[in-house]
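Source file coords_2.txt; content: compact mmCIF, C-alpha atoms and all ligand atoms.
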# COMPACT_ATOMS: atom_id res chain seq x y z
CA MET J 65 28.30 20.23 11.59
CA ALA J 66 24.62 19.74 11.16
CA GLY J 67 24.21 22.11 8.18
CA ASN J 68 21.85 25.00 7.54
CA ALA J 69 18.17 25.13 8.45
CA ALA J 70 15.74 24.19 5.70
CA THR J 71 12.00 23.98 5.34
CA VAL J 72 10.66 20.89 3.68
CA VAL J 73 7.19 19.82 2.59
CA VAL J 74 6.70 16.21 1.52
CA ARG J 75 3.48 14.71 0.25
CA ALA J 76 3.32 10.94 -0.04
CA PRO J 77 0.16 9.37 -1.48
CA GLY J 78 -1.82 6.41 -0.25
CA ARG J 79 -2.62 3.60 -2.65
CA VAL J 80 -5.33 1.28 -3.86
CA ASN J 81 -4.38 -2.08 -5.25
CA LEU J 82 -6.59 -2.69 -8.29
CA ILE J 83 -5.68 -6.38 -8.50
CA GLY J 84 -3.01 -8.76 -7.18
CA ASP J 85 -3.49 -9.08 -3.43
CA HIS J 86 -1.45 -11.30 -1.09
CA THR J 87 1.03 -11.92 -3.90
CA ASP J 88 3.77 -9.44 -3.03
CA HIS J 89 5.32 -11.40 -0.17
CA THR J 90 5.92 -14.45 -2.40
CA GLY J 91 7.53 -12.53 -5.25
CA GLY J 92 4.32 -12.31 -7.28
CA ARG J 93 2.61 -9.52 -9.17
CA CYS J 94 0.27 -6.71 -8.26
CA LEU J 95 -1.16 -3.62 -9.88
CA PRO J 96 -1.68 -0.70 -7.49
CA ILE J 97 -2.31 2.97 -8.14
CA ALA J 98 -1.08 5.85 -6.02
CA ILE J 99 -4.14 7.98 -5.21
CA ASP J 100 -4.96 11.67 -4.85
CA ARG J 101 -5.01 11.45 -1.05
CA TRP J 102 -1.82 11.81 0.91
CA VAL J 103 0.08 12.24 4.15
CA GLU J 104 2.10 15.43 4.32
CA VAL J 105 5.10 16.04 6.59
CA ALA J 106 6.00 19.73 6.68
CA GLY J 107 8.69 21.13 8.92
CA ARG J 108 12.18 22.44 9.34
CA THR J 109 15.55 21.14 10.27
CA GLU J 110 16.90 22.35 13.59
CA PRO J 111 20.68 22.51 13.10
CA ALA J 112 21.33 22.69 16.85
CA GLY J 113 18.60 20.21 17.80
CA ASP J 114 18.96 16.55 18.75
CA ARG J 115 15.33 15.37 18.53
CA VAL J 116 12.78 14.66 15.81
CA ARG J 117 9.43 16.12 16.85
CA LEU J 118 6.31 15.61 14.75
CA THR J 119 2.76 16.62 15.64
CA SER J 120 -0.11 14.78 13.96
CA GLU J 121 -3.10 17.00 13.33
CA ALA J 122 -5.38 14.01 12.83
CA LEU J 123 -4.33 12.18 15.98
CA ARG J 124 -3.71 15.37 18.02
CA SER J 125 -0.51 14.16 19.54
CA THR J 126 3.23 14.73 19.30
CA VAL J 127 6.02 12.25 18.84
CA ASP J 128 9.46 13.17 20.12
CA VAL J 129 12.34 10.79 19.43
CA PRO J 130 16.15 11.01 19.69
CA LEU J 131 18.26 11.08 16.52
CA ASP J 132 19.10 7.37 16.79
CA GLY J 133 15.37 6.55 16.82
CA GLY J 134 15.41 5.21 20.39
CA GLU J 135 13.26 2.10 20.83
CA PRO J 136 10.79 2.03 17.91
CA ALA J 137 8.81 -1.00 19.08
CA THR J 138 7.80 0.65 22.38
CA THR J 139 7.60 4.33 21.37
CA GLU J 140 4.47 6.19 22.53
CA PRO J 141 2.12 7.44 21.19
CA GLU J 142 1.86 4.38 19.02
CA TRP J 143 2.09 6.14 15.65
CA GLY J 144 5.54 7.32 16.78
CA ARG J 145 6.75 3.74 16.19
CA TYR J 146 6.73 4.39 12.45
CA VAL J 147 8.53 7.68 12.95
CA ALA J 148 11.12 6.19 15.31
CA ALA J 149 11.79 3.25 12.96
CA ILE J 150 12.33 5.71 10.09
CA VAL J 151 14.60 7.93 12.21
CA LYS J 152 16.63 4.87 13.23
CA ARG J 153 17.24 4.06 9.54
CA THR J 154 17.74 7.57 8.12
CA ARG J 155 19.91 8.85 11.01
CA PRO J 156 19.25 12.58 10.44
CA PRO J 157 22.36 14.59 11.42
CA SER J 158 20.32 17.27 13.17
CA GLY J 159 16.94 17.88 14.74
CA PHE J 160 13.67 18.27 12.88
CA ALA J 161 10.33 19.73 13.93
CA GLY J 162 7.21 19.45 11.87
CA THR J 163 3.55 18.69 11.38
CA VAL J 164 1.80 15.66 9.90
CA ARG J 165 -1.33 16.46 7.89
CA SER J 166 -3.37 13.94 6.01
CA THR J 167 -6.25 13.58 3.58
CA LEU J 168 -6.16 9.79 3.89
CA PRO J 169 -8.49 7.86 6.15
CA ILE J 170 -6.31 6.27 8.83
CA GLY J 171 -6.41 2.51 9.22
CA SER J 172 -8.92 1.93 6.40
CA GLY J 173 -6.68 0.05 4.00
CA LEU J 174 -5.56 2.99 1.84
CA SER J 175 -2.05 2.70 3.25
CA SER J 176 -1.75 5.76 5.42
CA SER J 177 1.04 3.96 7.29
CA ALA J 178 3.28 3.66 4.21
CA ALA J 179 2.46 7.26 3.24
CA LEU J 180 3.54 8.36 6.74
CA GLU J 181 6.78 6.36 6.45
CA VAL J 182 7.64 7.69 2.99
CA ALA J 183 6.79 11.29 3.89
CA THR J 184 8.81 11.11 7.11
CA ALA J 185 11.82 9.47 5.46
CA LEU J 186 11.90 12.05 2.66
CA ALA J 187 11.40 14.95 5.07
CA LEU J 188 14.30 13.79 7.21
CA THR J 189 16.66 13.14 4.30
CA GLY J 190 15.46 15.72 1.77
CA GLY J 191 15.37 18.71 4.06
CA GLY J 192 19.01 19.67 3.70
CA GLY J 193 21.93 18.83 5.92
CA ALA J 194 21.70 15.07 5.40
CA PRO J 195 24.38 13.44 3.28
CA GLY J 196 23.00 12.15 -0.01
CA PRO J 197 19.24 12.74 0.09
CA PRO J 198 17.43 10.22 -2.12
CA ASP J 199 16.97 11.32 -5.73
CA LEU J 200 13.45 10.22 -6.67
CA SER J 201 14.37 10.15 -10.36
CA GLU J 202 17.02 7.49 -9.59
CA PRO J 203 15.64 3.92 -9.69
CA ALA J 204 18.20 2.66 -7.14
CA ASP J 205 17.32 5.44 -4.70
CA ARG J 206 13.59 4.83 -5.08
CA LEU J 207 13.95 1.14 -4.40
CA ALA J 208 16.27 1.74 -1.44
CA LEU J 209 13.71 4.17 0.00
CA ALA J 210 10.88 1.65 -0.45
CA ARG J 211 12.92 -1.03 1.32
CA LEU J 212 13.89 1.30 4.14
CA CYS J 213 10.25 2.24 4.73
CA SER J 214 9.07 -1.36 4.49
CA ASP J 215 11.75 -2.45 7.02
CA ALA J 216 10.61 0.36 9.29
CA GLU J 217 7.01 -0.88 9.06
CA HIS J 218 8.13 -4.39 10.04
CA GLU J 219 9.95 -3.05 13.09
CA ALA J 220 7.12 -0.68 14.05
CA ARG J 221 4.37 -3.28 14.05
CA ASP J 222 5.80 -6.72 13.50
CA VAL J 223 3.66 -7.72 10.48
CA PRO J 224 5.53 -9.33 7.55
CA THR J 225 4.10 -7.12 4.79
CA GLY J 226 5.67 -6.85 1.33
CA LEU J 227 6.86 -3.79 -0.59
CA LEU J 228 3.59 -3.01 -2.39
CA ASP J 229 2.43 -0.06 -0.29
CA GLN J 230 5.75 1.74 -0.24
CA ILE J 231 6.47 1.20 -3.93
CA ALA J 232 3.04 2.57 -4.90
CA SER J 233 3.55 5.69 -2.77
CA ILE J 234 7.01 6.35 -4.23
CA TYR J 235 6.59 5.24 -7.88
CA GLY J 236 3.03 6.44 -8.62
CA VAL J 237 2.39 7.81 -12.13
CA ALA J 238 -0.64 10.03 -12.85
CA GLY J 239 -3.22 8.24 -14.99
CA HIS J 240 -1.41 4.90 -14.66
CA GLY J 241 -1.47 1.68 -12.71
CA LEU J 242 1.86 0.20 -11.64
CA LEU J 243 2.44 -3.36 -12.82
CA LEU J 244 4.84 -4.55 -10.15
CA ASP J 245 6.83 -7.78 -10.28
CA CYS J 246 7.84 -8.51 -6.70
CA THR J 247 10.67 -10.85 -7.76
CA SER J 248 12.52 -8.53 -10.17
CA LEU J 249 11.02 -5.43 -8.48
CA GLU J 250 10.44 -4.07 -11.95
CA VAL J 251 7.65 -1.47 -12.09
CA VAL J 252 5.90 -0.94 -15.43
CA PRO J 253 3.36 1.91 -15.64
CA VAL J 254 0.17 0.77 -17.39
CA PRO J 255 -2.09 3.50 -18.82
CA LEU J 256 -5.56 3.44 -17.27
CA PRO J 257 -8.75 4.52 -19.03
CA PRO J 258 -9.35 8.29 -18.87
CA ASP J 259 -11.60 9.76 -16.15
CA ASP J 260 -14.52 10.13 -18.57
CA GLU J 261 -14.50 6.35 -19.20
CA VAL J 262 -13.86 4.90 -15.76
CA GLU J 263 -13.96 5.96 -12.14
CA TRP J 264 -12.27 4.08 -9.33
CA VAL J 265 -14.42 4.03 -6.21
CA VAL J 266 -13.20 2.80 -2.85
CA VAL J 267 -15.72 1.86 -0.18
CA ASP J 268 -14.70 1.22 3.41
CA SER J 269 -16.58 -1.80 4.74
CA GLY J 270 -16.11 -0.44 8.25
CA ALA J 271 -15.07 -3.84 9.51
CA ARG J 272 -11.51 -4.89 10.27
CA SER J 273 -10.97 -7.92 12.45
CA LEU J 274 -8.07 -10.26 13.16
CA GLY J 275 -6.24 -8.68 10.24
CA ARG J 276 -2.75 -8.63 11.65
CA SER J 277 -2.56 -12.13 13.06
CA ALA J 278 -4.46 -13.76 10.20
CA TYR J 279 -2.22 -12.02 7.69
CA GLY J 280 0.82 -13.60 9.35
CA VAL J 281 -0.82 -17.04 9.37
CA ARG J 282 -1.41 -16.78 5.61
CA VAL J 283 2.21 -15.73 5.02
CA GLY J 284 3.22 -18.86 6.95
CA GLU J 285 0.92 -21.03 4.81
CA CYS J 286 2.46 -19.57 1.65
CA ARG J 287 5.94 -20.40 3.00
CA ARG J 288 4.79 -23.99 3.55
CA ALA J 289 3.48 -24.13 -0.02
CA GLU J 290 6.84 -22.85 -1.28
CA ALA J 291 8.68 -25.49 0.75
CA GLU J 292 6.77 -28.10 -1.29
CA ILE J 293 6.62 -26.64 -4.81
CA GLY J 294 9.19 -23.82 -4.87
CA PRO J 295 8.65 -20.07 -5.30
CA LEU J 296 4.96 -19.29 -5.86
CA GLY J 297 5.95 -16.37 -8.07
CA ALA J 298 7.24 -18.90 -10.63
CA ALA J 299 4.74 -21.75 -10.02
CA ARG J 300 2.13 -22.90 -12.57
CA PRO J 301 -1.49 -23.66 -11.64
CA GLU J 302 -0.96 -27.42 -12.11
CA ASP J 303 1.97 -27.38 -9.62
CA CYS J 304 -0.44 -26.61 -6.76
CA ALA J 305 -2.10 -30.06 -6.98
CA ALA J 306 1.05 -31.58 -5.44
CA ILE J 307 0.55 -29.74 -2.13
CA ALA J 308 -0.66 -32.19 0.51
CA ASP J 309 -2.49 -29.93 2.99
CA PRO J 310 -5.81 -28.74 1.46
CA ALA J 311 -5.71 -25.32 3.17
CA VAL J 312 -2.12 -24.67 2.10
CA ARG J 313 -3.02 -25.86 -1.42
CA SER J 314 -5.92 -23.37 -1.58
CA ARG J 315 -3.67 -20.47 -0.54
CA ALA J 316 -1.24 -21.42 -3.31
CA VAL J 317 -4.07 -21.72 -5.85
CA HIS J 318 -5.11 -18.17 -5.03
CA VAL J 319 -1.58 -16.76 -5.31
CA VAL J 320 -0.72 -18.55 -8.55
CA SER J 321 -4.04 -17.73 -10.24
CA GLU J 322 -3.90 -14.12 -8.98
CA ASN J 323 -0.44 -13.64 -10.51
CA ARG J 324 -1.93 -14.71 -13.85
CA ARG J 325 -4.95 -12.41 -13.42
CA VAL J 326 -2.69 -9.40 -12.87
CA LEU J 327 -1.10 -9.92 -16.30
CA ASP J 328 -4.50 -10.57 -17.89
CA PHE J 329 -5.90 -7.41 -16.24
CA ALA J 330 -3.01 -5.30 -17.61
CA ALA J 331 -3.55 -6.84 -21.05
CA ALA J 332 -7.31 -6.17 -20.91
CA LEU J 333 -6.66 -2.51 -20.01
CA ARG J 334 -4.14 -2.13 -22.81
CA ALA J 335 -6.72 -3.60 -25.21
CA GLY J 336 -9.44 -1.28 -23.86
CA ASP J 337 -11.53 -4.32 -22.82
CA LEU J 338 -13.06 -2.92 -19.65
CA ALA J 339 -15.66 -5.69 -19.36
CA GLU J 340 -12.87 -8.27 -19.19
CA ALA J 341 -10.87 -6.14 -16.71
CA GLY J 342 -13.97 -5.94 -14.49
CA ARG J 343 -14.58 -9.66 -14.76
CA LEU J 344 -11.00 -10.29 -13.61
CA MET J 345 -11.56 -8.04 -10.57
CA ASP J 346 -14.67 -10.07 -9.67
CA GLU J 347 -12.75 -13.30 -10.16
CA SER J 348 -9.91 -12.01 -8.00
CA HIS J 349 -12.41 -11.34 -5.23
CA ARG J 350 -13.86 -14.82 -5.50
CA SER J 351 -10.36 -16.27 -5.23
CA LEU J 352 -9.49 -14.16 -2.18
CA SER J 353 -12.77 -15.06 -0.53
CA THR J 354 -12.85 -18.78 -1.31
CA ASP J 355 -9.22 -19.89 -1.71
CA TYR J 356 -7.23 -17.40 0.34
CA GLU J 357 -10.07 -16.84 2.84
CA SER J 358 -9.09 -13.25 3.56
CA SER J 359 -12.54 -11.72 3.03
CA THR J 360 -15.48 -11.52 5.42
CA PRO J 361 -19.22 -12.07 4.88
CA GLU J 362 -19.75 -8.28 5.18
CA VAL J 363 -17.16 -7.56 2.49
CA ASP J 364 -18.53 -10.30 0.21
CA ALA J 365 -22.01 -8.76 0.58
CA LEU J 366 -20.68 -5.26 -0.12
CA CYS J 367 -18.99 -6.45 -3.34
CA ALA J 368 -22.18 -8.22 -4.45
CA GLU J 369 -24.23 -5.10 -3.70
CA LEU J 370 -21.87 -2.93 -5.75
CA ARG J 371 -21.80 -5.37 -8.67
CA ALA J 372 -25.61 -5.34 -8.78
CA GLN J 373 -25.60 -1.59 -9.58
CA PRO J 374 -25.75 -0.67 -13.27
CA GLY J 375 -22.45 0.79 -14.44
CA VAL J 376 -20.28 -1.16 -11.99
CA LEU J 377 -17.83 -3.16 -14.09
CA GLY J 378 -16.10 -5.04 -11.27
CA ALA J 379 -15.61 -4.98 -7.49
CA ARG J 380 -13.15 -6.64 -5.14
CA ILE J 381 -11.64 -6.45 -1.68
CA THR J 382 -8.33 -4.59 -1.68
CA GLY J 383 -5.46 -4.40 0.78
CA GLY J 384 -4.63 -6.48 3.81
CA GLY J 385 -7.99 -8.23 4.07
CA TRP J 386 -10.38 -9.34 6.84
CA GLY J 387 -12.46 -6.20 6.33
CA GLY J 388 -11.07 -2.90 5.12
CA CYS J 389 -11.82 -1.51 1.69
CA VAL J 390 -13.43 -2.63 -1.54
CA VAL J 391 -12.42 -1.12 -4.91
CA ALA J 392 -14.89 -0.89 -7.79
CA MET J 393 -14.38 0.03 -11.43
CA VAL J 394 -17.35 2.16 -12.35
CA ARG J 395 -18.74 4.05 -15.35
CA PRO J 396 -18.47 7.78 -14.51
CA GLY J 397 -21.32 9.00 -12.36
CA ALA J 398 -23.05 5.61 -12.26
CA LEU J 399 -22.60 5.05 -8.53
CA PRO J 400 -23.93 7.43 -5.90
CA LEU J 401 -21.16 7.46 -3.28
CA PRO J 402 -22.18 5.63 -0.13
CA ASP J 403 -20.87 6.77 3.28
CA ARG J 404 -17.16 6.18 3.86
CA ALA J 405 -16.49 5.97 0.11
CA TRP J 406 -14.04 7.89 -2.04
CA ARG J 407 -13.50 8.45 -5.74
CA VAL J 408 -9.77 8.11 -6.23
CA ARG J 409 -7.65 9.08 -9.22
CA PRO J 410 -4.42 7.40 -10.30
CA SER J 411 -1.80 9.91 -9.17
CA ALA J 412 1.90 10.71 -9.06
CA GLY J 413 4.16 9.41 -6.31
CA ALA J 414 5.70 11.34 -3.41
CA THR J 415 6.92 14.89 -3.97
CA VAL J 416 9.48 16.92 -1.99
CA THR J 417 9.66 20.70 -1.88
CA THR J 418 12.65 22.14 -0.03
CA THR J 419 13.52 25.73 0.78
CA ALA J 420 16.95 26.51 2.24
CA HIS J 421 17.31 29.45 4.64
P1 LIG Z 501 -3.60 1.91 6.68
O1 LIG Z 501 -2.15 1.92 6.33
O2 LIG Z 501 -4.39 1.05 5.77
O3 LIG Z 501 -4.21 3.28 6.80
P2 LIG Z 501 -2.54 0.77 9.06
O4 LIG Z 501 -3.16 0.16 10.26
O5 LIG Z 501 -1.52 0.01 8.31
O6 LIG Z 501 -3.73 1.23 8.11
O7 LIG Z 501 -1.83 2.13 9.47
C1 LIG Z 501 -2.50 3.12 10.24
C2 LIG Z 501 -1.53 3.69 11.25
O8 LIG Z 501 -0.59 4.60 10.59
C3 LIG Z 501 -2.21 4.55 12.29
O9 LIG Z 501 -2.71 3.74 13.35
C4 LIG Z 501 -1.08 5.46 12.73
O10 LIG Z 501 -0.22 4.77 13.63
C5 LIG Z 501 -0.30 5.69 11.42
N1 LIG Z 501 -0.78 6.92 10.75
C6 LIG Z 501 -1.37 7.01 9.56
N2 LIG Z 501 -1.70 8.30 9.27
C7 LIG Z 501 -1.30 9.05 10.31
C8 LIG Z 501 -1.37 10.45 10.62
N3 LIG Z 501 -1.92 11.33 9.80
N4 LIG Z 501 -0.86 10.83 11.81
C9 LIG Z 501 -0.29 9.95 12.66
N5 LIG Z 501 -0.22 8.61 12.41
C10 LIG Z 501 -0.71 8.17 11.27
MG MG Z 502 -0.80 0.24 6.37
Would you mind writing the structure in this file as structure tokens?
Amino acid sequence: MAGNAATVVVRAPGRVNLIGDHTDHTGGRCLPIAIDRWVEVAGRTEPAGDRVRLTSEALRSTVDVPLDGGEPATTEPEWGRYVAAIVKRTRPPSGFAGTVRSTLPIGSGLSSSAALEVATALALTGGGGAPGPPDLSEPADRLALARLCSDAEHEARDVPTGLLDQIASIYGVAGHGLLLDCTSLEVVPVPLPPDDEVEWVVVDSGARSLGRSAYGVRVGECRRAEAEIGPLGAARPEDCAAIADPAVRSRAVHVVSENRRVLDFAAALRAGDLAEAGRLMDESHRSLSTDYESSTPEVDALCAELRAQPGVLGARITGGGWGGCVVAMVRPGALPLPDRAWRVRPSAGATVTTTAH
């Protein structure tokens, strides 16, 4: 029996990584925030139905997949690949029909894809009828959900991303950053300065080129570094000198130094030393641009332009790289918002509201 009908509304936030980029896939550290922009999946179970149908308001199209998920990698329209890969893993016992709404820019680096995955997974499992919906207060359930969504992303688009985006969307804590150790998968909330001391501003550079393939090349370079000196998450800066290939060595230097900067950034925030936290963001950008080579001239120029404004404490590229967004730590009101820019607030993780009929 498929159970009774239920209405479910799930909101899953996007994220901004404040520091610690390209470290998650080698078991390193990062410090994202969930933000006050989200993807919402709202709908109802269809006890007699055998399809999952979701209509995206933003993309003005409908995805319709069977309850085994069908063939995620070739599902059309393309955004249905995420939905199909989630359906394949959650195996809802009955149909579901709903709407996808969003306040996140799509494809700009604020992780609308992970928000879509998390919202869909929770809607399909939290809407009644499914055995054992995830309990978001249970650490094991939260981690299992993050892994399920991350696996779905890999199948949907074949890019070897880490768990950062999904963990931020699920674990977010209002007013806090999430210090994430990608080896232990421990998440420690770190209080951030109040809104009247600091604003977080995200600016979309508008450019995004080669991201997917270059990202995979870098993951491969990090694997080569690890074959020579062991897990980068545990390596020391001096270990990198032993790596023969200069490009591979530079990638490792970025990852190892970035892991250190994440801890230093958390310590600076705890000590209320915003100037030092901003300096570490600038240094992180330099490392990503020079050693990891995941920035672009446009993004470097945008960061420099932001840093030149009074009241900007630090600015860096954030997310997958090769374009996308920049995040700046700013004194409140100091920065007039340019086009395609958002003030974002550190926010709570995904929420589920269910009504049984
Ligand atoms: P980001 O996650 O940074 O926004 P990605 O390229 O990883 O960028 O993911 C964007 C993709 O996620 C879109 O191309 C689309 O397939 C899917 N997506 C995100 N938001 C929505 C939405 N509201 N409706 C339908 N699909 C969405
Ligand atoms: Mg994404």
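The shortest atom-to-atom distance to ligand MG 502 (chain Z), with all atoms listed in the file taken into account, belongs to J:Ala178 out of J:Ala278, J:Ala339, J:Val319, J:Ala178.
Listed by chain and then residue number, the contacts of ligand MG 502 (chain Z) are Ser175, Ser176, Ser177 and Ala178 of chain J (distance at most 6 Å, using only C-alpha atoms and all ligand atoms).
For Thr138 in chain J, the set of protein, DNA and RNA residues having any atom at most 12 Å away, when counting only C-alpha atoms and skipping those fewer than 3 positions along the same chain, is Val129, Gly133, Gly134, Glu135, Pro141, Glu142, Trp143, Gly144, Arg145, Tyr146, Val147, Ala148, Ala149, Glu219, Ala220, Arg221 and Asp222 of chain J.
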Once you count only C-alpha atoms and all ligand atoms, which residues end up within 10 Å of ligand LIG 501 (chain Z), and could you hand them over as a short mmCIF file (atom, residue, chain, number, x, y, z; two decimals) with C-alpha atoms, in the coordinates of the input?
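As written to disk, part-v3.cif reads:
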data_model
loop_
_atom_site.label_atom_id
_atom_site.label_comp_id
_atom_site.auth_asym_id
_atom_site.auth_seq_id
_atom_site.Cartn_x
_atom_site.Cartn_y
_atom_site.Cartn_z
CA GLY J 78 -1.82 6.41 -0.25
CA ARG J 79 -2.62 3.60 -2.65
CA VAL J 80 -5.33 1.28 -3.86
CA TRP J 102 -1.82 11.81 0.91
CA VAL J 103 0.08 12.24 4.15
CA GLU J 104 2.10 15.43 4.32
CA VAL J 105 5.10 16.04 6.59
CA LEU J 118 6.31 15.61 14.75
CA THR J 119 2.76 16.62 15.64
CA SER J 120 -0.11 14.78 13.96
CA GLU J 121 -3.10 17.00 13.33
CA ALA J 122 -5.38 14.01 12.83
CA LEU J 123 -4.33 12.18 15.98
CA ARG J 124 -3.71 15.37 18.02
CA SER J 125 -0.51 14.16 19.54
CA THR J 126 3.23 14.73 19.30
CA VAL J 127 6.02 12.25 18.84
CA PRO J 141 2.12 7.44 21.19
CA GLU J 142 1.86 4.38 19.02
CA TRP J 143 2.09 6.14 15.65
CA GLY J 144 5.54 7.32 16.78
CA ARG J 145 6.75 3.74 16.19
CA TYR J 146 6.73 4.39 12.45
CA VAL J 147 8.53 7.68 12.95
CA THR J 163 3.55 18.69 11.38
CA VAL J 164 1.80 15.66 9.90
CA ARG J 165 -1.33 16.46 7.89
CA SER J 166 -3.37 13.94 6.01
CA THR J 167 -6.25 13.58 3.58
CA LEU J 168 -6.16 9.79 3.89
CA PRO J 169 -8.49 7.86 6.15
CA ILE J 170 -6.31 6.27 8.83
CA GLY J 171 -6.41 2.51 9.22
CA SER J 172 -8.92 1.93 6.40
CA GLY J 173 -6.68 0.05 4.00
CA LEU J 174 -5.56 2.99 1.84
CA SER J 175 -2.05 2.70 3.25
CA SER J 176 -1.75 5.76 5.42
CA SER J 177 1.04 3.96 7.29
CA ALA J 178 3.28 3.66 4.21
CA ALA J 179 2.46 7.26 3.24
CA LEU J 180 3.54 8.36 6.74
CA GLU J 181 6.78 6.36 6.45
CA GLU J 217 7.01 -0.88 9.06
CA ALA J 220 7.12 -0.68 14.05
CA ARG J 221 4.37 -3.28 14.05
CA VAL J 223 3.66 -7.72 10.48
CA THR J 225 4.10 -7.12 4.79
CA ASP J 229 2.43 -0.06 -0.29
CA ARG J 272 -11.51 -4.89 10.27
CA GLY J 275 -6.24 -8.68 10.24
CA ARG J 276 -2.75 -8.63 11.65
CA GLY J 383 -5.46 -4.40 0.78
CA GLY J 384 -4.63 -6.48 3.81
CA GLY J 388 -11.07 -2.90 5.12
CA CYS J 389 -11.82 -1.51 1.69
#
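Between CA of Val251 in chain J and CA of Arg324 in chain J there is a distance of 16.4 Å.
Ranking J:Glu290, J:Glu340, J:Glu263, J:Glu357 by their shortest atom-to-atom distance to His318 in chain J, with all atoms listed in the file included, puts J:Glu357 first.
Atom pair CA of Asp85 in chain J / CA of Arg288 in chain J: separated by 18.4 Å.
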Distance query 7 Å from (15.5, 19.5, 2.8) using only C-alpha atoms, result as JSON, numbers by chain: {"J": [70, 71, 72, 187, 189, 190, 191, 192, 418, 419]}
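Near Ala185 in chain J, within 8 Å and counting all atoms listed in the file, sit Ile150, Val151, Thr154, Glu181, Thr189, Leu209 and Cys213 of chain J, not including residues fewer than 4 positions from it in the same chain.
Taking CA of Pro301 in chain J and CA of Leu338 in chain J as the two end points, the separation is 25.1 Å.
Of the residues listed (J:Arg409, J:Arg93, J:Arg395, J:Arg404), J:Arg395 shows the shortest atom-to-atom separation from Asp260 in chain J; distances use only C-alpha atoms.
Closest approach to Ser269 in chain J among J:Gly387, J:Pro374, J:Gly159, J:Gly236: J:Gly387, based on only C-alpha atoms.
Minimum atom-to-atom distance to Asp245 in chain J, evaluated using all atoms listed in the file, belongs to J:Val326 out of J:Ala216, J:Val281, J:Val326, J:Ala311.
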